[in-house]
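Note: the block below is data30.cif and it holds mmCIF, C-alpha atoms.
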```cif
data_final
loop_
_atom_site.label_atom_id
_atom_site.label_comp_id
_atom_site.auth_asym_id
_atom_site.auth_seq_id
_atom_site.Cartn_x
_atom_site.Cartn_y
_atom_site.Cartn_z
CA MET A 1 -45.66 -61.87 -82.71
CA ALA A 2 -49.30 -62.98 -82.67
CA SER A 3 -50.12 -65.98 -80.50
CA PHE A 4 -52.93 -68.42 -79.94
CA THR A 5 -53.01 -70.58 -76.80
CA LEU A 6 -55.43 -73.44 -76.29
CA LEU A 7 -55.83 -74.43 -72.66
CA SER A 8 -57.92 -77.03 -70.87
CA SER A 9 -61.66 -76.88 -71.57
CA ALA A 10 -62.61 -77.68 -67.98
CA SER A 11 -63.39 -74.06 -67.22
CA SER A 12 -65.64 -73.78 -70.26
CA THR A 13 -68.06 -76.55 -69.39
CA LYS A 14 -70.47 -74.35 -67.48
CA LYS A 15 -71.74 -72.12 -70.24
CA ASN A 16 -74.75 -72.24 -72.53
CA THR A 17 -76.29 -75.83 -72.54
CA LEU A 18 -79.19 -76.60 -74.75
CA PHE A 19 -82.12 -78.78 -73.76
CA SER A 20 -85.14 -79.68 -75.83
CA SER A 21 -88.52 -81.26 -75.20
CA PHE A 22 -90.15 -83.54 -77.75
CA SER A 23 -93.61 -84.75 -78.43
CA SER A 24 -94.20 -88.50 -78.46
CA PRO A 25 -93.20 -89.93 -81.87
CA SER A 26 -95.63 -91.43 -84.34
CA ARG A 27 -94.69 -93.23 -87.54
CA CYS A 28 -95.08 -91.78 -91.00
CA SER A 29 -93.98 -94.62 -93.25
CA SER A 30 -90.36 -95.36 -92.25
CA LEU A 31 -89.69 -91.89 -90.82
CA TYR A 32 -90.87 -90.41 -87.54
CA ARG A 33 -92.95 -87.31 -86.94
CA THR A 34 -91.41 -85.22 -84.21
CA THR A 35 -91.99 -81.78 -82.80
CA PHE A 36 -89.38 -80.19 -80.58
CA VAL A 37 -89.17 -76.84 -78.86
CA PRO A 38 -85.68 -75.63 -77.93
CA LYS A 39 -85.26 -74.37 -74.38
CA ARG A 40 -82.44 -72.19 -73.14
CA THR A 41 -80.11 -72.61 -70.24
CA ARG A 42 -76.36 -72.33 -69.92
CA THR A 43 -73.76 -74.88 -71.16
CA PRO A 44 -70.27 -75.12 -72.67
CA ASN A 45 -69.35 -72.16 -74.85
CA PHE A 46 -69.10 -74.38 -77.91
CA ALA A 47 -72.80 -75.37 -77.80
CA ILE A 48 -74.72 -72.72 -79.68
CA ASN A 49 -78.48 -72.34 -79.45
CA CYS A 50 -80.28 -74.29 -82.13
CA GLU A 51 -82.64 -71.50 -83.05
CA ILE A 52 -81.39 -68.43 -84.88
CA ASN A 53 -80.96 -65.39 -82.68
CA GLU A 54 -80.80 -61.86 -84.00
CA PRO A 55 -79.78 -59.62 -81.08
CA ALA A 56 -79.84 -55.90 -81.59
CA ASN A 57 -76.71 -54.46 -83.22
CA GLU A 58 -75.06 -57.89 -83.35
CA LYS A 59 -74.48 -60.49 -86.04
CA PRO A 60 -76.85 -63.49 -85.96
CA VAL A 61 -75.63 -66.54 -84.05
CA LEU A 62 -75.19 -69.55 -86.33
CA PRO A 63 -77.29 -72.57 -85.29
CA ILE A 64 -75.33 -75.68 -84.37
CA ILE A 65 -77.49 -78.67 -83.56
CA ASN A 66 -76.01 -81.53 -81.55
CA ASP A 67 -77.34 -84.90 -80.39
CA GLU A 68 -78.93 -83.38 -77.30
CA ILE A 69 -81.80 -81.83 -79.26
CA LEU A 70 -82.65 -84.95 -81.27
CA PRO A 71 -85.32 -87.32 -79.96
CA THR A 72 -83.95 -90.04 -77.71
CA PHE A 73 -85.41 -92.79 -79.88
CA LEU A 74 -83.24 -91.61 -82.79
CA GLN A 75 -80.13 -91.90 -80.61
CA ALA A 76 -81.02 -95.33 -79.23
CA LYS A 77 -79.52 -97.40 -82.05
CA ARG A 78 -76.22 -95.54 -81.94
CA LEU A 79 -76.02 -95.75 -78.16
CA GLU A 80 -76.51 -99.53 -78.30
CA THR A 81 -73.05 -99.91 -79.85
CA ALA A 82 -71.33 -97.02 -78.08
CA VAL A 83 -68.17 -97.90 -76.20
CA ASN A 84 -67.80 -97.30 -72.48
CA ARG A 85 -66.09 -93.94 -72.32
CA ASN A 86 -65.36 -94.18 -68.61
CA ASN A 87 -62.15 -95.94 -69.62
CA THR A 88 -60.95 -92.82 -71.45
CA LYS A 89 -61.82 -90.30 -68.76
CA LEU A 90 -58.77 -88.96 -66.97
CA ASN A 91 -56.66 -91.51 -68.89
CA PRO A 92 -53.16 -90.01 -68.77
CA LYS A 93 -52.13 -91.94 -71.88
CA LEU A 94 -54.84 -90.33 -74.06
CA LYS A 95 -54.05 -86.78 -75.19
CA LEU A 96 -56.22 -84.47 -77.29
CA PHE A 97 -54.77 -81.34 -78.88
CA SER A 98 -56.42 -78.78 -81.12
CA GLY A 99 -55.06 -76.55 -83.82
CA THR A 100 -56.46 -73.12 -84.62
CA ALA A 101 -58.60 -74.19 -87.60
CA ASN A 102 -61.70 -75.29 -85.62
CA PRO A 103 -61.13 -75.02 -81.85
CA SER A 104 -64.86 -75.02 -81.03
CA LEU A 105 -65.30 -78.47 -82.59
CA SER A 106 -62.23 -79.72 -80.69
CA GLN A 107 -63.63 -78.46 -77.39
CA GLU A 108 -66.96 -80.14 -78.06
CA ILE A 109 -65.26 -83.45 -78.94
CA ALA A 110 -63.30 -83.34 -75.68
CA TRP A 111 -66.44 -82.48 -73.71
CA ASN A 112 -68.36 -85.38 -75.26
CA MET A 113 -65.52 -87.73 -74.35
CA GLY A 114 -65.38 -86.48 -70.77
CA HIS A 115 -61.80 -85.47 -71.45
CA GLU A 116 -59.83 -82.22 -71.59
CA LEU A 117 -57.87 -80.63 -74.40
CA GLY A 118 -54.15 -80.64 -73.85
CA ASN A 119 -52.24 -77.39 -73.35
CA ILE A 120 -50.52 -76.18 -76.49
CA THR A 121 -49.09 -72.83 -77.60
CA ILE A 122 -49.40 -71.86 -81.26
CA LYS A 123 -47.81 -68.63 -82.45
CA ARG A 124 -47.34 -66.79 -85.72
CA PHE A 125 -44.15 -64.83 -86.32
CA ALA A 126 -44.24 -61.55 -88.21
CA ASP A 127 -43.15 -63.29 -91.41
CA GLY A 128 -45.93 -65.90 -91.12
CA GLU A 129 -43.84 -68.77 -89.74
CA ILE A 130 -45.59 -71.09 -87.29
CA TYR A 131 -44.24 -71.84 -83.81
CA ILE A 132 -45.74 -74.66 -81.74
CA GLN A 133 -44.84 -75.89 -78.26
CA LEU A 134 -46.65 -78.56 -76.24
CA GLN A 135 -47.15 -77.41 -72.67
CA GLU A 136 -47.36 -80.91 -71.20
CA SER A 137 -45.59 -84.23 -71.60
CA VAL A 138 -46.81 -86.68 -74.28
CA ARG A 139 -44.06 -89.28 -73.83
CA GLY A 140 -45.52 -92.73 -74.44
CA CYS A 141 -49.02 -91.30 -75.00
CA ASP A 142 -51.70 -91.90 -77.63
CA VAL A 143 -52.03 -88.41 -79.15
CA PHE A 144 -54.92 -87.15 -81.29
CA LEU A 145 -54.40 -83.87 -83.15
CA ILE A 146 -57.68 -82.27 -84.29
CA GLN A 147 -57.12 -79.95 -87.24
CA PRO A 148 -59.18 -79.70 -90.45
CA THR A 149 -57.31 -78.39 -93.47
CA CYS A 150 -60.10 -75.94 -94.32
CA PRO A 151 -59.51 -72.45 -95.74
CA PRO A 152 -56.87 -71.15 -95.50
CA ALA A 153 -55.88 -74.68 -96.52
CA ASN A 154 -52.12 -74.20 -96.81
CA GLU A 155 -51.88 -72.38 -93.47
CA ASN A 156 -53.88 -75.03 -91.60
CA LEU A 157 -52.09 -77.91 -93.30
CA MET A 158 -48.68 -76.51 -92.33
CA GLU A 159 -49.89 -76.02 -88.76
CA LEU A 160 -50.96 -79.68 -88.62
CA LEU A 161 -47.56 -80.81 -89.90
CA VAL A 162 -45.71 -78.77 -87.28
CA MET A 163 -48.00 -80.17 -84.55
CA ILE A 164 -47.25 -83.72 -85.71
CA ASP A 165 -43.52 -83.00 -85.72
CA ALA A 166 -43.68 -81.52 -82.21
CA CYS A 167 -45.42 -84.64 -80.88
CA ARG A 168 -43.00 -86.98 -82.65
CA ARG A 169 -39.99 -85.18 -81.20
CA ALA A 170 -41.67 -85.28 -77.77
CA SER A 171 -41.68 -89.12 -77.95
CA ALA A 172 -45.43 -89.67 -78.37
CA LYS A 173 -46.20 -93.38 -78.75
CA ASN A 174 -48.91 -92.96 -81.42
CA ILE A 175 -49.94 -89.84 -83.34
CA THR A 176 -53.35 -89.71 -85.01
CA ALA A 177 -54.17 -86.77 -87.27
CA VAL A 178 -57.90 -86.12 -86.88
CA ILE A 179 -58.80 -84.23 -90.07
CA PRO A 180 -62.55 -83.52 -90.16
CA TYR A 181 -62.12 -81.86 -93.55
CA PHE A 182 -59.28 -83.07 -95.77
CA GLY A 183 -58.21 -80.32 -98.15
CA TYR A 184 -56.84 -81.18 -101.60
CA ALA A 185 -59.09 -84.28 -101.63
CA ARG A 186 -60.56 -83.23 -105.00
CA ALA A 187 -57.12 -83.43 -106.64
CA ASP A 188 -57.27 -87.24 -106.51
CA ARG A 189 -56.60 -88.12 -110.17
CA LYS A 190 -55.26 -86.77 -113.45
CA SER A 191 -58.31 -85.69 -115.41
CA GLN A 192 -56.05 -83.98 -117.95
CA SER A 193 -52.42 -84.31 -118.91
CA ARG A 194 -49.67 -82.59 -116.89
CA GLN A 195 -51.80 -82.28 -113.72
CA SER A 196 -50.62 -83.07 -110.22
CA ILE A 197 -52.32 -85.50 -107.84
CA ALA A 198 -52.14 -83.23 -104.81
CA ALA A 199 -54.15 -85.59 -102.58
CA LYS A 200 -51.35 -88.15 -102.83
CA LEU A 201 -48.72 -85.47 -102.19
CA VAL A 202 -50.49 -84.24 -99.04
CA GLY A 203 -50.87 -87.84 -97.87
CA ASN A 204 -47.13 -88.38 -98.26
CA ILE A 205 -46.32 -85.16 -96.39
CA ILE A 206 -48.53 -86.06 -93.42
CA THR A 207 -46.98 -89.53 -93.28
CA GLU A 208 -43.42 -88.21 -93.47
CA ALA A 209 -44.13 -85.64 -90.77
CA GLY A 210 -44.63 -88.53 -88.35
CA ALA A 211 -48.36 -89.36 -88.22
CA ASP A 212 -49.14 -93.02 -87.44
CA ARG A 213 -52.84 -92.86 -88.40
CA VAL A 214 -55.33 -90.53 -90.07
CA LEU A 215 -58.97 -90.09 -89.09
CA ALA A 216 -60.95 -88.21 -91.75
CA CYS A 217 -64.61 -87.41 -92.40
CA ASP A 218 -66.34 -88.06 -95.73
CA LEU A 219 -63.41 -87.99 -98.13
CA HIS A 220 -64.27 -86.74 -101.60
CA SER A 221 -63.50 -90.14 -103.07
CA GLY A 222 -62.79 -93.51 -101.51
CA GLN A 223 -59.48 -93.99 -103.32
CA SER A 224 -58.00 -91.12 -101.29
CA MET A 225 -57.53 -93.58 -98.42
CA GLY A 226 -55.03 -95.42 -100.62
CA TYR A 227 -52.89 -92.32 -100.93
CA PHE A 228 -51.70 -92.79 -97.35
CA ASP A 229 -49.10 -95.40 -96.39
CA ILE A 230 -50.56 -95.47 -92.87
CA PRO A 231 -53.97 -96.66 -91.60
CA VAL A 232 -56.92 -94.38 -92.41
CA ASP A 233 -60.21 -94.46 -90.48
CA HIS A 234 -62.94 -93.05 -92.72
CA VAL A 235 -65.77 -91.54 -90.66
CA TYR A 236 -69.13 -91.20 -92.42
CA CYS A 237 -71.20 -88.28 -91.16
CA GLN A 238 -74.29 -89.62 -92.91
CA PRO A 239 -75.95 -90.84 -89.64
CA VAL A 240 -75.92 -87.31 -88.20
CA ILE A 241 -77.74 -85.82 -91.20
CA ILE A 242 -80.16 -88.75 -91.49
CA ASP A 243 -81.12 -88.47 -87.81
CA TYR A 244 -81.92 -84.80 -88.33
CA LEU A 245 -84.00 -85.46 -91.45
CA ALA A 246 -85.84 -88.23 -89.61
CA SER A 247 -86.94 -85.70 -86.98
CA LYS A 248 -88.86 -83.74 -89.64
CA LYS A 249 -92.51 -84.26 -90.59
CA ILE A 250 -91.78 -85.87 -93.95
CA CYS A 251 -93.17 -89.22 -95.12
CA SER A 252 -90.66 -91.45 -96.87
CA ASN A 253 -93.16 -91.96 -99.71
CA ASP A 254 -92.80 -88.24 -100.49
CA LEU A 255 -88.99 -88.31 -100.45
CA VAL A 256 -86.52 -88.69 -103.28
CA VAL A 257 -82.74 -88.54 -102.77
CA VAL A 258 -80.89 -86.75 -105.56
CA SER A 259 -77.23 -87.00 -106.47
CA PRO A 260 -76.03 -83.68 -107.94
CA ASP A 261 -73.62 -85.51 -110.25
CA VAL A 262 -72.75 -89.01 -111.44
CA GLY A 263 -69.67 -89.15 -109.20
CA GLY A 264 -71.81 -88.95 -106.06
CA VAL A 265 -74.22 -91.76 -106.98
CA ALA A 266 -72.77 -94.26 -104.51
CA ARG A 267 -73.05 -91.73 -101.67
CA ALA A 268 -76.62 -90.81 -102.60
CA ARG A 269 -77.63 -94.45 -103.04
CA ALA A 270 -76.49 -95.30 -99.51
CA PHE A 271 -78.37 -92.23 -98.25
CA ALA A 272 -81.55 -93.25 -100.08
CA LYS A 273 -81.33 -96.79 -98.72
CA LYS A 274 -81.26 -95.49 -95.14
CA LEU A 275 -84.30 -93.29 -95.80
CA SER A 276 -86.16 -95.97 -97.83
CA ALA A 277 -86.47 -93.44 -100.64
CA PRO A 278 -85.96 -93.66 -104.43
CA LEU A 279 -82.89 -92.24 -106.15
CA ALA A 280 -82.55 -89.59 -108.87
CA ILE A 281 -79.41 -88.35 -110.59
CA VAL A 282 -78.56 -84.96 -112.07
CA ASP A 283 -76.30 -85.45 -115.09
CA LYS A 284 -73.82 -82.60 -115.40
CA ARG A 285 -70.72 -81.81 -117.35
CA CYS A 286 -67.89 -79.68 -115.94
CA SER A 287 -66.29 -77.33 -118.46
CA GLU A 288 -63.96 -75.54 -116.02
CA HIS A 289 -63.13 -75.74 -112.32
CA ASN A 290 -66.03 -74.52 -110.14
CA LEU A 291 -68.25 -74.28 -113.23
CA ALA A 292 -70.89 -76.84 -114.15
CA GLU A 293 -73.33 -77.33 -117.01
CA ILE A 294 -76.51 -79.26 -116.26
CA LEU A 295 -77.65 -81.68 -118.93
CA ASN A 296 -80.66 -83.67 -117.72
CA LEU A 297 -82.35 -85.49 -114.84
CA ILE A 298 -82.49 -89.25 -114.40
CA GLY A 299 -85.47 -90.18 -112.21
CA ASP A 300 -88.82 -88.74 -111.10
CA VAL A 301 -89.10 -85.83 -108.64
CA LYS A 302 -92.51 -84.43 -109.54
CA GLY A 303 -94.52 -83.49 -106.44
CA LYS A 304 -91.84 -84.87 -104.11
CA VAL A 305 -89.48 -83.52 -101.49
CA ALA A 306 -85.99 -83.73 -103.00
CA VAL A 307 -82.96 -84.21 -100.75
CA MET A 308 -79.76 -83.35 -102.61
CA VAL A 309 -76.72 -85.05 -101.07
CA ASP A 310 -73.05 -84.20 -101.63
CA ASP A 311 -69.84 -84.42 -99.65
CA MET A 312 -69.16 -80.69 -99.87
CA ILE A 313 -70.55 -77.40 -101.12
CA ASP A 314 -67.87 -75.04 -102.38
CA THR A 315 -69.19 -72.34 -104.72
CA ALA A 316 -72.62 -74.06 -104.86
CA GLY A 317 -72.65 -73.91 -108.66
CA THR A 318 -73.40 -77.61 -109.16
CA ILE A 319 -76.03 -77.96 -106.46
CA SER A 320 -77.85 -74.68 -107.25
CA LYS A 321 -78.13 -75.46 -110.96
CA GLY A 322 -79.30 -78.93 -110.03
CA ALA A 323 -81.94 -77.43 -107.72
CA ALA A 324 -83.17 -75.16 -110.51
CA LEU A 325 -83.58 -78.21 -112.73
CA LEU A 326 -85.48 -80.06 -109.99
CA HIS A 327 -87.90 -77.13 -109.65
CA GLU A 328 -88.46 -77.24 -113.42
CA GLU A 329 -89.22 -80.95 -113.11
CA GLY A 330 -91.87 -80.29 -110.44
CA ALA A 331 -90.12 -80.92 -107.11
CA ARG A 332 -92.23 -79.60 -104.20
CA GLU A 333 -89.37 -78.77 -101.82
CA ILE A 334 -85.61 -79.13 -102.01
CA TYR A 335 -83.19 -79.77 -99.15
CA ALA A 336 -79.43 -79.51 -99.72
CA CYS A 337 -77.27 -81.73 -97.48
CA CYS A 338 -73.50 -81.82 -97.29
CA THR A 339 -70.83 -82.72 -94.74
CA HIS A 340 -68.39 -79.92 -95.54
CA GLY A 341 -69.69 -76.38 -96.01
CA VAL A 342 -66.76 -74.62 -97.68
CA PHE A 343 -69.02 -71.81 -98.96
CA SER A 344 -66.59 -69.98 -101.23
CA PRO A 345 -68.09 -66.90 -102.91
CA PRO A 346 -70.72 -66.72 -104.37
CA ALA A 347 -72.07 -69.77 -102.50
CA VAL A 348 -74.10 -67.82 -99.93
CA GLU A 349 -75.89 -65.80 -102.61
CA ARG A 350 -76.78 -68.95 -104.55
CA LEU A 351 -77.91 -70.95 -101.52
CA SER A 352 -80.06 -68.13 -100.13
CA SER A 353 -81.73 -67.32 -103.46
CA GLY A 354 -84.90 -69.23 -102.57
CA LEU A 355 -84.12 -72.49 -104.36
CA PHE A 356 -83.76 -74.45 -101.11
CA GLN A 357 -86.14 -75.04 -98.25
CA GLU A 358 -83.12 -75.72 -96.01
CA VAL A 359 -79.37 -76.14 -96.41
CA ILE A 360 -77.97 -78.69 -93.95
CA THR A 361 -74.27 -79.02 -93.24
CA THR A 362 -72.02 -80.03 -90.34
CA ASN A 363 -69.36 -78.27 -88.29
CA THR A 364 -66.36 -80.11 -89.78
CA ILE A 365 -65.54 -76.64 -91.11
CA PRO A 366 -66.32 -73.63 -88.89
CA VAL A 367 -69.14 -71.61 -90.41
CA MET A 368 -68.29 -67.91 -90.27
CA ASP A 369 -70.77 -65.11 -89.60
CA LYS A 370 -70.36 -63.88 -93.17
CA HIS A 371 -71.66 -67.26 -94.38
CA TYR A 372 -74.90 -66.96 -92.44
CA PHE A 373 -78.26 -67.10 -94.23
CA PRO A 374 -81.72 -67.96 -92.88
CA GLN A 375 -81.99 -71.41 -94.51
CA LEU A 376 -78.71 -72.67 -93.02
CA THR A 377 -78.66 -75.43 -90.39
CA VAL A 378 -75.37 -76.70 -88.91
CA LEU A 379 -75.25 -80.13 -87.27
CA SER A 380 -72.54 -81.19 -84.84
CA VAL A 381 -70.36 -84.24 -85.55
CA ALA A 382 -68.51 -83.95 -82.23
CA ASN A 383 -70.19 -86.96 -80.63
CA LEU A 384 -69.51 -89.11 -83.70
CA LEU A 385 -65.84 -88.11 -83.77
CA GLY A 386 -65.53 -88.58 -80.01
CA GLU A 387 -66.95 -92.10 -80.32
CA THR A 388 -64.50 -92.88 -83.13
CA ILE A 389 -61.51 -91.58 -81.16
CA CYS A 390 -62.53 -93.70 -78.17
CA ARG A 391 -62.73 -96.79 -80.37
CA VAL A 392 -59.36 -96.13 -82.01
CA HIS A 393 -57.74 -95.59 -78.63
CA GLY A 394 -59.33 -98.76 -77.23
CA ASP A 395 -58.53 -100.88 -80.32
CA ARG A 396 -62.24 -101.35 -81.03
CA SER A 397 -64.05 -101.61 -84.35
CA VAL A 398 -64.87 -98.31 -86.04
CA SER A 399 -66.94 -99.67 -88.91
CA SER A 400 -69.55 -101.08 -86.52
CA ILE A 401 -70.64 -97.50 -85.75
CA PHE A 402 -72.15 -97.22 -89.22
CA GLN A 403 -73.78 -100.64 -89.47
#
```

Starting from the file, lay out its structure as structure tokens.
Amino acid sequence: MASFTLLSSASSTKKNTLFSSFSSPSRCSSLYRTTFVPKRTRTPNFAINCEINEPANEKPVLPIINDEILPTFLQAKRLETAVNRNNTKLNPKLKLFSGTANPSLSQEIAWNMGHELGNITIKRFADGEIYIQLQESVRGCDVFLIQPTCPPANENLMELLVMIDACRRASAKNITAVIPYFGYARADRKSQSRQSIAAKLVGNIITEAGADRVLACDLHSGQSMGYFDIPVDHVYCQPVIIDYLASKKICSNDLVVVSPDVGGVARARAFAKKLSAPLAIVDKRCSEHNLAEILNLIGDVKGKVAVMVDDMIDTAGTISKGAALLHEEGAREIYACCTHGVFSPPAVERLSSGLFQEVITTNTIPVMDKHYFPQLTVLSVANLLGETICRVHGDRSVSSIFQ
């Protein structure tokens, strides 16, 4: 019987920290010019060096960039509205538990909150059944279960359900399912007859398992929040990506934000507004699942730096064909930005083919070594999720984070 045990992260907070030094900022239109040089020391084992290392006879280490390496002036606005986390430290009524889907993100969230992950044992029987036992009392506690339903989606979803059931039967006061990546979110409507709406089904299952609240990042569509009969806190990871783009030497007059399809226009428009950049739209028509046919471009990208924005990149068919069209229309450079890097084959081959200057994603889904390519940059959303958890626990506003 295979087993996986997550213990307190207190012993892991002395490994591999990352510090960076920055030059003094100067304005370039509405964006800042910044130069930073990563330095190496030792910090928690979840913080990975921001530069790409290629040690001899080893696989390259994937870069994960957190708030510590961004210029302090980019963090200032967010810190102005940050809650006082001293109230959550060592609070016996706040419990954080992690599943096996993305334990490194869970450890980083706990570290950012000044908290510790709760002790939990997760085992797999020989026939694939999941066994979960909490190793500490949660009676009367506010419990947060951190588990994205990323691939393998069914396995991780079932693990989340069993975790919820274990907490409910252990008399937890409130159970919040923290789902950085919500699988089945694309099955949110009937585009053809005799199709299921799996997003609604999964919402019902999580509710019936005993969850009192769901905290999710960048759902595929806003209506997915209505598929739950419990409160849903929708966390937008847009500020993390925008802060990183703002640290680059790009003038806003040279930028254009591109939506890879008509369905993502609202997301791209909000992104463009934050960057004070114009908007362009790639018109595409889907013939089959994971296949896309590009029709035309709405907007001007000639001689500009194009930033393509989407909620997820799966097989990269849509975004790579869109990038090829942008190059044909005269775009100087192309950046691909998404919150969820699913990277199903042949995504890595398409993204590393030279179409993109940089591919920017976050760690809502763990990026495996096999998904590594030189243009990939992974940003951490741990601080954003930690702030949200603190606000939910303290009955504070969550929407004010994004204003």

Might I get the box with edges along x, y and z of the file that holds all atoms of region 223-242 of chain A listed there, padded by 5 Å on every side, given as centre and edge lengths in Å to one decimal, as JSON?
```
{"center_x": -64.6, "center_y": -91.2, "center_z": -95.8, "size_x": 41.1, "size_y": 20.8, "size_z": 25.1}
```

Matched chain/residue IDs from the PyMOL selection byres ((chain A and resi 126-130) around 8), as JSON, numbers by chain: {"A": [1, 2, 122, 123, 124, 125, 131, 132, 159, 162]}

Could you write those residues out with C-alpha atoms, as a compact mmCIF listing (two decimals), keeping the file's coordinate frame?
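Full text of selection-v4.txt as output:
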```
# COMPACT_ATOMS: atom_id res chain seq x y z
CA MET A 1 -45.66 -61.87 -82.71
CA ALA A 2 -49.30 -62.98 -82.67
CA ILE A 122 -49.40 -71.86 -81.26
CA LYS A 123 -47.81 -68.63 -82.45
CA ARG A 124 -47.34 -66.79 -85.72
CA PHE A 125 -44.15 -64.83 -86.32
CA TYR A 131 -44.24 -71.84 -83.81
CA ILE A 132 -45.74 -74.66 -81.74
CA GLU A 159 -49.89 -76.02 -88.76
CA VAL A 162 -45.71 -78.77 -87.28
```

For Ser344 (chain A), the nearest of the candidates A:Thr315, A:Ser193, A:Ser397, A:Gln403, counting all atoms listed in the file: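 Result for the nearest residue to Ser344 (chain A): A:Thr315.
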
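Pairwise distance (CA of Phe97 (chain A), CA of Ala166 (chain A)) equals 11.6 Å.
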
Ref. answer, residues at most 9 Å from (-56.4, -96.9, -75.0) with all atoms listed in the file, as a ChimeraX atom specification: /A:87-88,91,93-94,142,390-395

Pick from A:Thr318, A:Asn119, A:Ser137, A:Ser276 nearest to Gly264 (chain A), counting all atoms listed in the file: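 Smallest separation from Gly264 (chain A) among the options: A:Thr318.
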
One-decimal distance in Å that lies between CA of Tyr227 (chain A) and CA of Ala198 (chain A): 9.9 Å

For His220 (chain A): contacts at 9 Å, all atoms listed in the file, fewer than 3 positions along chain excluded, given as a list in words: Phe182, Ala185, Arg186, Asp188, Gln223, Ser224, Asp311 and Met312 of chain A

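Comparing the minimum interatomic distances between Asp314 (chain A) and each of A:Cys150, A:Ile206, A:Ile389, A:Ile250, counting all atoms listed in the file, we find that A:Cys150 sits nearest.
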
Selection under test: the PyMOL selection byres ((chain A and resi 133) around 6); residues as number ranges by chain: A: 120-121, 132, 134

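Picture a line from CA of Lys173 (chain A) to CA of Phe144 (chain A); it runs 11.0 Å.
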
Spatial neighbours of Ala280 (chain A), max dist 8 Å, only C-alpha atoms, sep filter under 6 positions, as a PyMOL selection string: chain A and resi 256-259+297-301

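With all atoms listed in the file as the atoms that count, the minimum distance from Gln238 (chain A) to the choices A:Asn102, A:Ser353, A:Thr339, A:Thr149 is reached by A:Thr339.
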
Resolved residues for the PyMOL selection byres ((chain A and resi 370) around 10) as an MDAnalysis selection string: chainID A and resid 59:60 343 348 367:369 371:373

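Using all atoms listed in the file, the shortest contact distance between Tyr184 (chain A) and any of A:Ala347, A:Val214, A:Leu275, A:Ala199 is found at A:Ala199.
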